[in-house]
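query-v1.json (JSON, C-alpha atoms)
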```json
[["chain", "number", "residue", "atom", "x", "y", "z"],
["A", 1, "MET", "CA", 144.41, 136.86, 116.63],
["A", 2, "GLN", "CA", 146.38, 133.62, 116.51],
["A", 3, "GLU", "CA", 143.24, 131.49, 116.53],
["A", 4, "ASN", "CA", 141.73, 133.45, 113.64],
["A", 5, "PHE", "CA", 144.97, 133.43, 111.60],
["A", 6, "PHE", "CA", 145.33, 129.64, 111.82],
["A", 7, "SER", "CA", 141.67, 128.70, 111.36],
["A", 8, "ASP", "CA", 141.22, 126.91, 108.02],
["A", 9, "ALA", "CA", 145.01, 126.66, 107.63],
["A", 10, "VAL", "CA", 147.25, 123.74, 106.73],
["A", 11, "LEU", "CA", 151.06, 123.76, 106.72],
["A", 12, "ILE", "CA", 153.29, 121.90, 104.29],
["A", 13, "GLY", "CA", 156.92, 121.51, 105.31],
["A", 14, "ILE", "CA", 159.39, 121.46, 102.42],
["A", 15, "VAL", "CA", 163.07, 120.59, 102.12],
["A", 16, "CYS", "CA", 164.63, 122.29, 99.11],
["A", 17, "PRO", "CA", 168.15, 123.77, 98.92],
["A", 18, "LEU", "CA", 167.19, 126.49, 96.41],
["A", 19, "PRO", "CA", 167.32, 130.15, 97.47],
["A", 20, "PRO", "CA", 163.91, 131.78, 98.02],
["A", 21, "TYR", "CA", 163.70, 133.62, 94.70],
["A", 22, "ARG", "CA", 164.48, 130.43, 92.77],
["A", 23, "PHE", "CA", 162.13, 128.36, 94.90],
["A", 24, "SER", "CA", 159.23, 130.77, 94.34],
["A", 25, "TRP", "CA", 160.00, 130.83, 90.60],
["A", 26, "LEU", "CA", 159.92, 127.02, 90.57],
["A", 27, "ILE", "CA", 156.60, 126.91, 92.43],
["A", 28, "ASN", "CA", 155.10, 129.61, 90.21],
["A", 29, "ASN", "CA", 156.04, 127.70, 87.06],
["A", 30, "THR", "CA", 154.99, 124.30, 88.36],
["A", 31, "PHE", "CA", 151.59, 125.39, 89.66],
["A", 32, "ASP", "CA", 150.94, 128.35, 87.33],
["A", 33, "LEU", "CA", 150.74, 130.73, 90.30],
["A", 34, "ASN", "CA", 152.15, 134.17, 90.96],
["A", 35, "PHE", "CA", 153.82, 134.18, 94.37],
["A", 36, "THR", "CA", 155.41, 137.53, 95.07],
["A", 37, "ARG", "CA", 157.60, 138.77, 97.86],
["A", 38, "GLU", "CA", 156.39, 141.79, 99.72],
["A", 39, "SER", "CA", 159.28, 142.90, 101.92],
["A", 40, "GLU", "CA", 156.93, 144.60, 104.40],
["A", 41, "LEU", "CA", 155.60, 141.12, 105.24],
["A", 42, "ASP", "CA", 159.06, 139.74, 106.05],
["A", 43, "ILE", "CA", 159.27, 138.49, 109.60],
["A", 44, "CYS", "CA", 161.88, 140.17, 111.78],
["A", 45, "VAL", "CA", 163.22, 138.29, 114.78],
["A", 46, "GLN", "CA", 165.37, 140.18, 117.26],
["A", 47, "PRO", "CA", 167.37, 137.67, 119.36],
["A", 48, "ALA", "CA", 169.47, 140.48, 120.86],
["A", 49, "PRO", "CA", 168.95, 144.24, 121.12],
["A", 50, "ASP", "CA", 171.61, 144.92, 118.48],
["A", 51, "ARG", "CA", 170.69, 142.08, 116.08],
["A", 52, "GLN", "CA", 167.79, 141.61, 113.67],
["A", 53, "ILE", "CA", 167.16, 138.59, 111.47],
["A", 54, "PHE", "CA", 164.75, 138.75, 108.54],
["A", 55, "PHE", "CA", 162.86, 135.81, 107.05],
["A", 56, "PRO", "CA", 161.22, 136.44, 103.66],
["A", 57, "ILE", "CA", 157.59, 135.63, 102.93],
["A", 58, "TYR", "CA", 156.03, 135.07, 99.52],
["A", 59, "GLN", "CA", 152.29, 135.48, 99.11],
["A", 60, "TYR", "CA", 149.63, 134.52, 96.57],
["A", 61, "TYR", "CA", 145.91, 135.31, 96.83],
["A", 62, "ILE", "CA", 143.69, 132.54, 95.45],
["A", 63, "PRO", "CA", 141.32, 134.13, 92.92],
["A", 64, "LEU", "CA", 137.60, 134.13, 93.71],
["A", 65, "SER", "CA", 137.97, 132.18, 96.95],
["A", 66, "GLY", "CA", 139.18, 134.63, 99.57],
["A", 67, "GLY", "CA", 142.02, 132.25, 100.44],
["A", 68, "ARG", "CA", 145.74, 132.71, 100.17],
["A", 69, "TYR", "CA", 149.01, 130.85, 100.12],
["A", 70, "LEU", "CA", 152.06, 131.95, 102.09],
["A", 71, "ILE", "CA", 155.57, 130.57, 101.70],
["A", 72, "TYR", "CA", 157.93, 131.19, 104.60],
["A", 73, "LYS", "CA", 161.70, 130.83, 104.33],
["A", 74, "LEU", "CA", 162.56, 129.12, 107.62],
["A", 75, "LYS", "CA", 166.34, 129.59, 107.63],
["A", 76, "ASN", "CA", 168.61, 132.59, 107.44],
["A", 77, "GLY", "CA", 172.20, 131.42, 107.67],
["A", 78, "LYS", "CA", 172.45, 129.59, 110.99],
["A", 79, "ASP", "CA", 169.26, 131.13, 112.36],
["A", 80, "PHE", "CA", 165.81, 129.53, 112.29],
["A", 81, "LEU", "CA", 162.33, 131.02, 112.31],
["A", 82, "LEU", "CA", 160.96, 127.93, 114.06],
["A", 83, "GLN", "CA", 163.48, 125.93, 116.08],
["A", 84, "GLU", "CA", 161.23, 122.87, 116.07],
["A", 85, "LEU", "CA", 161.41, 122.73, 112.23],
["A", 86, "ARG", "CA", 165.18, 123.11, 111.83],
["A", 87, "GLN", "CA", 165.34, 120.34, 109.23],
["A", 88, "LEU", "CA", 162.94, 122.17, 106.86],
["A", 89, "ASP", "CA", 163.78, 124.98, 104.45],
["A", 90, "TYR", "CA", 160.29, 126.28, 103.65],
["A", 91, "LEU", "CA", 156.79, 126.25, 105.04],
["A", 92, "TRP", "CA", 153.82, 126.60, 102.67],
["A", 93, "MET", "CA", 150.72, 127.77, 104.51],
["A", 94, "ILE", "CA", 147.37, 127.22, 102.83],
["A", 95, "GLN", "CA", 144.60, 129.42, 104.18],
["A", 96, "SER", "CA", 141.30, 128.44, 102.56],
["A", 97, "HIS", "CA", 138.02, 126.69, 103.22],
["A", 98, "ASN", "CA", 139.37, 123.59, 101.45],
["A", 99, "ALA", "CA", 142.87, 123.74, 102.95],
["A", 100, "ASP", "CA", 143.10, 120.00, 103.73],
["A", 101, "LYS", "CA", 142.05, 118.97, 100.24],
["A", 102, "ASP", "CA", 144.27, 121.63, 98.62],
["A", 103, "ALA", "CA", 147.26, 120.51, 100.69],
["A", 104, "GLU", "CA", 146.94, 116.89, 99.57],
["A", 105, "SER", "CA", 146.88, 117.82, 95.88],
["A", 106, "ILE", "CA", 149.76, 120.29, 96.31],
["A", 107, "ILE", "CA", 151.89, 117.66, 98.07],
["A", 108, "GLN", "CA", 151.26, 115.16, 95.29],
["A", 109, "GLU", "CA", 152.51, 117.70, 92.74],
["A", 110, "LEU", "CA", 155.46, 118.80, 94.90],
["A", 111, "ARG", "CA", 156.72, 115.23, 95.11],
["A", 112, "HIS", "CA", 157.26, 115.24, 91.32],
["A", 113, "ILE", "CA", 159.68, 118.20, 91.47],
["A", 114, "ASN", "CA", 163.29, 117.05, 91.25],
["A", 115, "ASP", "CA", 164.74, 119.88, 93.36],
["A", 116, "LEU", "CA", 162.51, 119.05, 96.33],
["A", 117, "GLN", "CA", 163.65, 116.42, 98.79],
["A", 118, "LEU", "CA", 160.60, 116.38, 101.08],
["A", 119, "ALA", "CA", 157.04, 117.68, 101.23],
["A", 120, "GLN", "CA", 154.77, 116.74, 104.12],
["A", 121, "ILE", "CA", 151.95, 118.15, 106.21],
["A", 122, "ILE", "CA", 153.07, 119.69, 109.50],
["A", 123, "PRO", "CA", 150.44, 119.54, 112.26],
["A", 124, "LEU", "CA", 149.82, 122.99, 113.76],
["A", 125, "ASP", "CA", 149.89, 121.57, 117.27],
["A", 126, "ARG", "CA", 153.51, 120.52, 116.71],
["A", 127, "LEU", "CA", 154.60, 124.16, 116.57],
["A", 128, "LYS", "CA", 155.66, 125.69, 119.86],
["A", 129, "ASN", "CA", 156.38, 129.13, 118.40],
["A", 130, "LYS", "CA", 153.65, 129.50, 115.80],
["A", 131, "ASP", "CA", 153.32, 133.17, 116.79],
["A", 132, "ASN", "CA", 156.44, 133.67, 114.64],
["A", 133, "LEU", "CA", 154.28, 132.95, 111.59],
["A", 134, "LEU", "CA", 151.76, 135.71, 112.25],
["A", 135, "ILE", "CA", 151.83, 138.50, 109.70]]
```
Take the structure from the file and write it as structure tokens.
Amino acid sequence: MQENFFSDAVLIGIVCPLPPYRFSWLINNTFDLNFTRESELDICVQPAPDRQIFFPIYQYYIPLSGGRYLIYKLKNGKDFLLQELRQLDYLWMIQSHNADKDAESIIQELRHINDLQLAQIIPLDRLKNKDNLLI
């Protein structure tokens, strides 16, 4: 399942201090998209039997292409979805046949947004716990 989920996928790591609802609003307005949060997609991590941590996911299906964009919130208080990306706030996954090309153009546009401090491609092989991204 993991191999299929990450085929034709590119990850963009983003540093932005905005809360998720404001960040998705900013992205929607900048790119003329319609990211929405579907709470049933939220990732739940259970570090202890009596503790659950939720990380919201925003999703947008690319019209007429069969691709989609996913934005993961990587932090919840002092907890992290991916320990190896502790310095990042968000991860934008591009799942499409042109993911590499799409990622480059998205990064160029992201770098013009004042509220963003960083936008860069994150190699998939850098992630030790990429199973945490499966939805």
From the list A:Ile94, A:Ile53, A:Leu110, A:Leu41, which residue is nearest A:Ala9 when using all atoms listed in the file?
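Once distances to A:Ala9 are computed over all atoms listed in the file, the minimum belongs to A:Ile94.
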Within 8 Å of A:Val15, counting all atoms listed in the file, which residues show up once you throw out same-chain ones fewer than 6 positions away? Write them as a ChimeraX atom specification, please.
/A:87-90,116-119
Any idea what the distance is between atom CA of A:Lys78 and atom CA of A:Arg22?
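Computed distance, atom CA of A:Lys78 to atom CA of A:Arg22, equals 19.9 Å.
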Considering all atoms listed in the file, return as an mmCIF file with C-alpha atoms, keeping the file's coordinate frame whatever protein or nucleic-acid residues lie within 9 Å of A:Pro123, sequence-local ones (same chain, fewer than 3 positions apart) excluded.
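Output below, filename selection.cif:
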```cif
data_model
loop_
_atom_site.group_PDB
_atom_site.id
_atom_site.type_symbol
_atom_site.label_atom_id
_atom_site.label_comp_id
_atom_site.auth_asym_id
_atom_site.auth_seq_id
_atom_site.Cartn_x
_atom_site.Cartn_y
_atom_site.Cartn_z
ATOM 1 C CA VAL A 10 147.250 123.740 106.730
ATOM 2 C CA LEU A 11 151.060 123.760 106.720
ATOM 3 C CA ILE A 12 153.290 121.900 104.290
ATOM 4 C CA ARG A 126 153.510 120.520 116.710
ATOM 5 C CA LEU A 127 154.600 124.160 116.570
#
```
Hey, what's within 9 Å of stretch 27-35 of chain A if we count only C-alpha atoms and toss same-chain stuff fewer than 5 positions away? As an mmCIF file with C-alpha atoms, in the coordinates of the input, please?
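Printed below is result-v8.cif as written:
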```cif
data_model
loop_
_atom_site.group_PDB
_atom_site.id
_atom_site.type_symbol
_atom_site.label_atom_id
_atom_site.label_comp_id
_atom_site.auth_asym_id
_atom_site.auth_seq_id
_atom_site.Cartn_x
_atom_site.Cartn_y
_atom_site.Cartn_z
ATOM 1 C CA ARG A 22 164.480 130.430 92.770
ATOM 2 C CA TYR A 58 156.030 135.070 99.520
ATOM 3 C CA GLN A 59 152.290 135.480 99.110
ATOM 4 C CA TYR A 60 149.630 134.520 96.570
ATOM 5 C CA TYR A 61 145.910 135.310 96.830
ATOM 6 C CA ILE A 62 143.690 132.540 95.450
ATOM 7 C CA TYR A 69 149.010 130.850 100.120
ATOM 8 C CA LEU A 70 152.060 131.950 102.090
ATOM 9 C CA ILE A 71 155.570 130.570 101.700
ATOM 10 C CA ILE A 106 149.760 120.290 96.310
ATOM 11 C CA GLU A 109 152.510 117.700 92.740
ATOM 12 C CA LEU A 110 155.460 118.800 94.900
ATOM 13 C CA ILE A 113 159.680 118.200 91.470
#
```
Work out how far apart atom CA of A:Leu82 and atom CA of A:Gly66 are and give it in Å to one decimal.
27.0 Å
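In this comparison, which uses all atoms listed in the file, the residue of A:Ile135, A:Tyr72, A:Gln83, A:Lys101 approaching A:Ile14 most closely is A:Tyr72.
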Calculate how many Å separate atom CA of A:Asp79 from atom CA of A:Gly13, rounding to one decimal.
17.2 Å
Counting only C-alpha atoms, closest pick from A:Asn76, A:Asn129, A:Ser39, A:Ser65 relative to A:Asn98 is A:Ser65
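Residue nearest A:Cys44, chosen from A:Leu134, A:Leu64, A:Ile121, A:Ala99 and counting only C-alpha atoms: A:Leu134.
Proximity to A:Ser24 was assessed for A:Ile57, A:Ile107, A:Val45, A:Leu133 counting only C-alpha atoms; the smallest distance is recorded for A:Ile57.
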Can you find the residues with an atom no farther than 12 Å from (145.2, 135.1, 115.6), counting all atoms listed in the file, and report them as a ChimeraX atom specification?
/A:1-9,130-135
